[in-house]
Amino acid sequence: MNDRPVTPALDAALLSRRQLHVVLALDCSGSMRGERIASLNYAIRSAIPELQAVAADNPEVRVLVRVLRFGTVARWHIEEPCPVEELEWEDLQAGGETAMGSALRLVGEALDPARLEGRQLPPVIVLASDGYPTDDIDRAMADFFSHETVAKATRIAIAIGSNTDLETLERFIDAPEGRLKPLRANNAPDLVKSIKWATTAPVKATSSPTNAPDNASALAAESTRVLEPDSSVVW
Amino acid sequence: MASPDEALKPGTRFRTRNGRREGEVGTVLGAGGQGAVYLARMGGGEFALKWYHDYYVDLDTGLFARLSSAVKRGAPDNRFLWPLDLVDIEGQRSFGYLMPLRDAAYAGMRDLIAPPPQRLELDLPQRLLACEHIAQCFLELHAAGFCYQDINFGNIFLHPQTADVLICDNDNVNIDGADASIYGTRKFMAPEVVRRETLPCTKTDLFSMAVMFFYVSFAWHPLDGRRELEIKLLDAAAEERLYGTEPVFIFDTVNTANGLLSPMHDAIANRWHSLNSELRALFDRSFTVGLFTPGRRVHEYEWRSAFASARRAVSSCAACGYQYVYEPDAESADCARCAASLSPPAALRVGRRVITLPAGRGVTVADIDERQSSERIVGEVQAHPSKPQILGLANRTEAPWRVEIPGYSAAAIPPGKTVRLLHGTAIAIGDRHLTVSNPQDVPS
């Protein structure tokens, strides 16, 4: 061995790690008040360590998280892309209507290629909602998908409770027949599982072995195992 | 995802299928998509128990047969954390297997490319030694008729001091030629697997292993050059082009479309120029002709021999300390990093091997005889007691060496005595004939 060990100085190359943007758009409308918002806050807080762990499994990728809340208006809860290892959770409050259209518009604008610096993997967009949009969702959806990054993103939807607009969530996912479906979280434990899976699985996919023909179908297959079937369906 | 009732509770009893021994499940050590790994106690010893999710056992129909055959065959080498026995638990539909527990001193390979402070810093000889160990492990596995299927960062562990390796996750290991259970991991799959034209086999293992060697040596992927840098959004189609349908080696001298860009990739180019021509040629074959012609991929024994030679020939730039593999006959003698002129270091030549001799280095049996693996010291590089710029090699064996120093008559160097490393000196240690190369100290 030599007396002056010098390791390759690879920082220059590592500085330009590819980014994986994870954007959460979370429904904070009045119907989320009480237990639901508490449970959503808890779900995210408990998902963060796992997300940090799966991100650390792929050191070549830099995971950046943003969070948007929507009630009567949509606004950023975490606006600057936050490196996952620095992520801390401040609880969301609920109240107001369901401005899902504005939320999608803001997400689309934030992910516009012109506004993203550096190199990216297709971003991950998670939409969780317990109700029906109260603003113009049709035009917002068209604008949303006009951004290349959005169209190529991994989009995961979580339906909280039973009174949700599943059709809109399916339009958001926009997956071919038989592919990814909205996760239906009918109770607090399911919400925790759904949030955990939705945030970590797409990140994990960048560094885990696969036995699926492609990434999208791997996620779709895995999503069917996130929640146990309802006891009214399987007993 | 496991449902809560699938997770094993500490204290649960298990029984091994072949040995018919009983043991107890301990705490969870880790969890993944296929199942979870638990600490397990049996007969006063500690083991690791991998327990599969029910869904996975239903999905991977070949799993049971694969594991049974692995248990029956036994580990190819003790560096594999190999399935020791299959395990059943009463009332459970699934099954698991026991394997040796991984020593906590070993770090994950991906720490080599982690951002600081997590990054594992290894000097060049250790990196090359780790590669030599990996090559040896897969040589044993492939020679036993198995293929690994999924070589990647997640399943090889490295000892930061000794560069020893451990191969984990051996449950995809299968008889070569049998249907594979998995495609592999992103960026490690062979191009024909990325294109989904074939399932993993020994030849695709060779590709994944070469990617691993490249990562260990460069902390970088061999196909991530200009083209990867220019793709802003790496979607599935772009990824398939880069690693599947149109892969181009970053150091391809014929097709330079995916070459490196300065200054972003300078450190990678420096590392390339600091390696010897033998290693560069093996990487070149792996990632040019080997991309599309699996039969031309580099075999483990070629890698093993190249790493064994290269790691013994490492020297460092006197100006900046950057390490490089010394080649006595190389054309360029400038440091790849700081461009300072490199003075040729003192070295021993034995056959095709070059062993550099910095002060204090112990020369071992394995260094001078590639047929042997003994790390017993036979000689030690020492400075002259009153003229520290003069180096010599002390005889640490129990028999005298016969030496021929140019311009002097032949002499014997008894045990404990030191012979000056004069250029051109011939030293016979047992049946090994060594020549000193030291253009800095030429006989007058």
# chains A, B, ... in the order shown; residues from 1 in each chain; ligands from 1
call {"tool": "select_by_dssp", "arguments": {"residues": "range 140-222 of chain A", "states": "alpha helix (DSSP H)", "output": "JSON, numbers by chain"}}
result
{"A": [140, 141, 142, 143, 144, 145, 148, 149, 150, 151, 166, 167, 168, 169, 170, 171, 172, 173, 188, 189, 190, 191, 192, 193, 194, 195, 196, 197, 198, 199, 200, 201, 202, 203, 204, 215, 216, 217, 218, 219, 220, 221, 222]}
call {"tool": "write_last_selection", "arguments": {"atoms": "N, CA and C atoms", "output": "compact mmCIF listing (two decimals), in the first residue's frame"}}
result
# COMPACT_ATOMS: atom_id res chain seq x y z
N ALA A 140 -58.17 22.64 -16.11
CA ALA A 140 -56.94 22.46 -15.33
C ALA A 140 -56.24 21.17 -15.73
N MET A 141 -57.02 20.12 -15.94
CA MET A 141 -56.46 18.82 -16.31
C MET A 141 -55.75 18.92 -17.66
N ALA A 142 -56.39 19.62 -18.61
CA ALA A 142 -55.78 19.77 -19.94
C ALA A 142 -54.45 20.53 -19.83
N ASP A 143 -54.46 21.61 -19.04
CA ASP A 143 -53.21 22.38 -18.85
C ASP A 143 -52.14 21.51 -18.19
N PHE A 144 -52.58 20.77 -17.19
CA PHE A 144 -51.69 19.91 -16.41
C PHE A 144 -50.92 18.97 -17.34
N PHE A 145 -51.66 18.29 -18.20
CA PHE A 145 -51.02 17.29 -19.06
C PHE A 145 -50.25 17.91 -20.23
N GLU A 148 -44.67 18.36 -20.52
CA GLU A 148 -44.05 17.07 -20.85
C GLU A 148 -43.71 16.28 -19.59
N THR A 149 -43.18 16.98 -18.61
CA THR A 149 -42.73 16.30 -17.38
C THR A 149 -43.91 15.65 -16.65
N VAL A 150 -45.05 16.32 -16.72
CA VAL A 150 -46.25 15.77 -16.06
C VAL A 150 -46.72 14.53 -16.81
N ALA A 151 -46.74 14.64 -18.14
CA ALA A 151 -47.22 13.52 -18.95
C ALA A 151 -46.36 12.28 -18.72
N LEU A 166 -63.72 9.40 -7.94
CA LEU A 166 -62.79 8.41 -8.49
C LEU A 166 -62.50 8.66 -9.98
N GLU A 167 -63.52 9.14 -10.67
CA GLU A 167 -63.33 9.36 -12.10
C GLU A 167 -62.22 10.40 -12.33
N THR A 168 -62.26 11.48 -11.54
CA THR A 168 -61.23 12.51 -11.69
C THR A 168 -59.85 11.96 -11.31
N LEU A 169 -59.82 11.17 -10.26
CA LEU A 169 -58.53 10.59 -9.86
C LEU A 169 -57.99 9.65 -10.95
N GLU A 170 -58.89 8.94 -11.60
CA GLU A 170 -58.45 8.06 -12.70
C GLU A 170 -57.96 8.87 -13.89
N ARG A 171 -58.63 10.00 -14.13
CA ARG A 171 -58.15 10.87 -15.22
C ARG A 171 -56.76 11.41 -14.88
N PHE A 172 -56.53 11.68 -13.61
CA PHE A 172 -55.21 12.17 -13.17
C PHE A 172 -54.14 11.10 -13.40
N ILE A 173 -54.48 9.87 -13.07
CA ILE A 173 -53.50 8.78 -13.26
C ILE A 173 -53.28 8.54 -14.75
N ALA A 188 -58.00 4.99 8.68
CA ALA A 188 -56.70 5.60 9.00
C ALA A 188 -55.52 4.67 8.70
N PRO A 189 -55.55 3.40 9.11
CA PRO A 189 -54.41 2.53 8.79
C PRO A 189 -54.15 2.41 7.29
N ASP A 190 -55.24 2.37 6.50
CA ASP A 190 -55.06 2.28 5.06
C ASP A 190 -54.46 3.56 4.49
N LEU A 191 -54.81 4.68 5.10
CA LEU A 191 -54.25 5.95 4.62
C LEU A 191 -52.74 5.97 4.88
N VAL A 192 -52.35 5.50 6.04
CA VAL A 192 -50.92 5.45 6.37
C VAL A 192 -50.20 4.57 5.35
N LYS A 193 -50.76 3.38 5.11
CA LYS A 193 -50.12 2.45 4.16
C LYS A 193 -50.05 3.06 2.76
N SER A 194 -51.16 3.71 2.36
CA SER A 194 -51.20 4.26 1.01
C SER A 194 -50.17 5.37 0.82
N ILE A 195 -50.12 6.27 1.80
CA ILE A 195 -49.16 7.39 1.69
C ILE A 195 -47.73 6.85 1.68
N LYS A 196 -47.48 5.90 2.54
CA LYS A 196 -46.14 5.31 2.63
C LYS A 196 -45.76 4.68 1.29
N TRP A 197 -46.67 3.89 0.75
CA TRP A 197 -46.37 3.21 -0.50
C TRP A 197 -46.21 4.21 -1.65
N ALA A 198 -47.15 5.16 -1.73
CA ALA A 198 -47.15 6.10 -2.86
C ALA A 198 -45.87 6.93 -2.90
N THR A 199 -45.33 7.27 -1.73
CA THR A 199 -44.12 8.09 -1.72
C THR A 199 -42.86 7.25 -1.90
N THR A 200 -42.85 6.04 -1.36
CA THR A 200 -41.60 5.27 -1.38
C THR A 200 -41.45 4.34 -2.59
N ALA A 201 -42.55 3.71 -3.04
CA ALA A 201 -42.41 2.68 -4.08
C ALA A 201 -41.77 3.20 -5.37
N PRO A 202 -42.20 4.38 -5.87
CA PRO A 202 -41.57 4.83 -7.12
C PRO A 202 -40.09 5.18 -6.93
N VAL A 203 -39.71 5.61 -5.72
CA VAL A 203 -38.30 5.93 -5.45
C VAL A 203 -37.50 4.64 -5.37
N LYS A 204 -38.09 3.67 -4.69
CA LYS A 204 -37.45 2.38 -4.53
C LYS A 204 -37.21 1.70 -5.88
N ASN A 215 -41.40 -0.66 -15.66
CA ASN A 215 -41.61 -0.01 -14.37
C ASN A 215 -43.08 0.22 -14.05
N ALA A 216 -43.83 0.67 -15.05
CA ALA A 216 -45.23 1.03 -14.80
C ALA A 216 -46.03 -0.20 -14.36
N SER A 217 -45.80 -1.34 -15.03
CA SER A 217 -46.59 -2.51 -14.67
C SER A 217 -46.11 -3.08 -13.33
N ALA A 218 -44.82 -2.86 -13.01
CA ALA A 218 -44.34 -3.32 -11.70
C ALA A 218 -45.06 -2.57 -10.59
N LEU A 219 -45.18 -1.24 -10.76
CA LEU A 219 -45.87 -0.44 -9.75
C LEU A 219 -47.35 -0.83 -9.68
N ALA A 220 -47.95 -1.04 -10.84
CA ALA A 220 -49.38 -1.38 -10.87
C ALA A 220 -49.62 -2.68 -10.11
N ALA A 221 -48.73 -3.66 -10.35
CA ALA A 221 -48.90 -4.96 -9.67
C ALA A 221 -48.70 -4.79 -8.17
N GLU A 222 -47.70 -3.99 -7.81
CA GLU A 222 -47.42 -3.82 -6.39
C GLU A 222 -48.56 -3.08 -5.69
call {"tool": "residues_around", "arguments": {"residues": "Ala144 in chain B", "least_positions_apart": "3", "cutoff": "7 Å", "atoms": "only C-alpha atoms", "output": "PyMOL selection string"}}
result
chain B and resi 76+140-141
call {"tool": "write_last_selection", "arguments": {"atoms": "N, CA and C atoms", "output": "PDB file, in the first residue's frame"}}
result
ATOM      1  N   PRO B  76     -20.709 -22.048  -2.764  1.00  0.00           N
ATOM      2  CA  PRO B  76     -19.521 -22.242  -3.586  1.00  0.00           C
ATOM      3  C   PRO B  76     -18.258 -21.754  -2.868  1.00  0.00           C
ATOM      4  N   GLU B 140     -16.253 -18.885  -8.677  1.00  0.00           N
ATOM      5  CA  GLU B 140     -16.656 -20.102  -7.949  1.00  0.00           C
ATOM      6  C   GLU B 140     -18.128 -20.426  -8.233  1.00  0.00           C
ATOM      7  N   LEU B 141     -18.970 -19.401  -8.218  1.00  0.00           N
ATOM      8  CA  LEU B 141     -20.405 -19.621  -8.427  1.00  0.00           C
ATOM      9  C   LEU B 141     -20.681 -20.156  -9.829  1.00  0.00           C
TER      10      LEU B 141
END
call {"tool": "interface_residues", "arguments": {"of": "chain B", "to": "chain A", "cutoff": "8 Å", "atoms": "only C-alpha atoms", "output": "PyMOL selection string"}}
result
chain B and resi 1+3+110-111+113-115+121-125+150+154+181-186+196+218-219+229+231-235+263-268+271+314-316+321-323+358+361
call {"tool": "write_last_selection", "arguments": {"atoms": "C-alpha atoms", "output": "short mmCIF file (atom, residue, chain, number, x, y, z; two decimals), in the first residue's frame"}}
result
data_model
loop_
_atom_site.label_atom_id
_atom_site.label_comp_id
_atom_site.auth_asym_id
_atom_site.auth_seq_id
_atom_site.Cartn_x
_atom_site.Cartn_y
_atom_site.Cartn_z
CA MET B 1 -46.63 -5.40 1.14
CA SER B 3 -50.13 -7.57 6.06
CA ARG B 110 -23.40 1.66 -2.75
CA ASP B 111 -21.56 3.58 -0.04
CA ILE B 113 -20.91 6.33 -4.56
CA ALA B 114 -22.89 7.86 -1.70
CA PRO B 115 -22.56 11.59 -1.15
CA GLU B 121 -13.43 6.22 0.80
CA LEU B 122 -11.08 3.53 -0.42
CA ASP B 123 -7.66 3.92 -1.91
CA LEU B 124 -6.94 2.49 -5.34
CA PRO B 125 -5.28 -0.79 -4.23
CA ASP B 150 -29.05 -9.91 -10.21
CA GLY B 154 -27.69 -3.98 -2.95
CA SER B 181 -37.00 -15.45 -11.72
CA ILE B 182 -35.97 -11.84 -12.15
CA TYR B 183 -34.69 -9.45 -14.80
CA GLY B 184 -32.28 -7.60 -12.58
CA THR B 185 -31.69 -4.08 -11.31
CA ARG B 186 -31.71 -0.84 -13.26
CA ARG B 196 -36.20 -8.02 -22.71
CA PHE B 218 -14.64 4.89 -11.07
CA ALA B 219 -17.67 5.44 -8.82
CA LEU B 229 -25.76 14.33 -19.51
CA ILE B 231 -30.96 14.01 -21.57
CA LYS B 232 -32.85 16.36 -19.32
CA LEU B 233 -35.73 14.03 -18.53
CA LEU B 234 -34.66 10.39 -18.47
CA ASP B 235 -37.94 8.66 -19.28
CA PRO B 263 -14.92 19.59 -16.57
CA MET B 264 -17.88 17.51 -15.26
CA HIS B 265 -16.33 14.16 -16.08
CA ASP B 266 -12.66 15.06 -15.55
CA ALA B 267 -12.29 12.88 -12.46
CA ILE B 268 -13.52 9.85 -14.43
CA ARG B 271 -9.07 7.53 -13.24
CA VAL B 314 0.03 1.01 -7.63
CA SER B 315 2.21 4.04 -7.05
CA SER B 316 1.39 7.67 -6.36
CA GLY B 321 -0.48 12.02 -4.20
CA TYR B 322 -2.90 10.76 -6.87
CA GLN B 323 -2.61 7.00 -7.20
CA PRO B 358 7.32 2.11 -1.44
CA ARG B 361 5.98 -2.37 1.99
#
call {"tool": "residues_around", "arguments": {"residues": "Arg227 in chain B", "least_positions_apart": "2", "cutoff": "10 Å", "atoms": "only C-alpha atoms", "output": "MDAnalysis selection string"}}
result
chainID B and resid 223:225 229:232 238 242 247:248 250 257:261
call {"tool": "residues_around", "arguments": {"residues": "Leu101 in chain B", "least_positions_apart": "5", "cutoff": "8 Å", "atoms": "only C-alpha atoms", "output": "VMD selection string"}}
result
chain B and resid 39 46 to 48 81
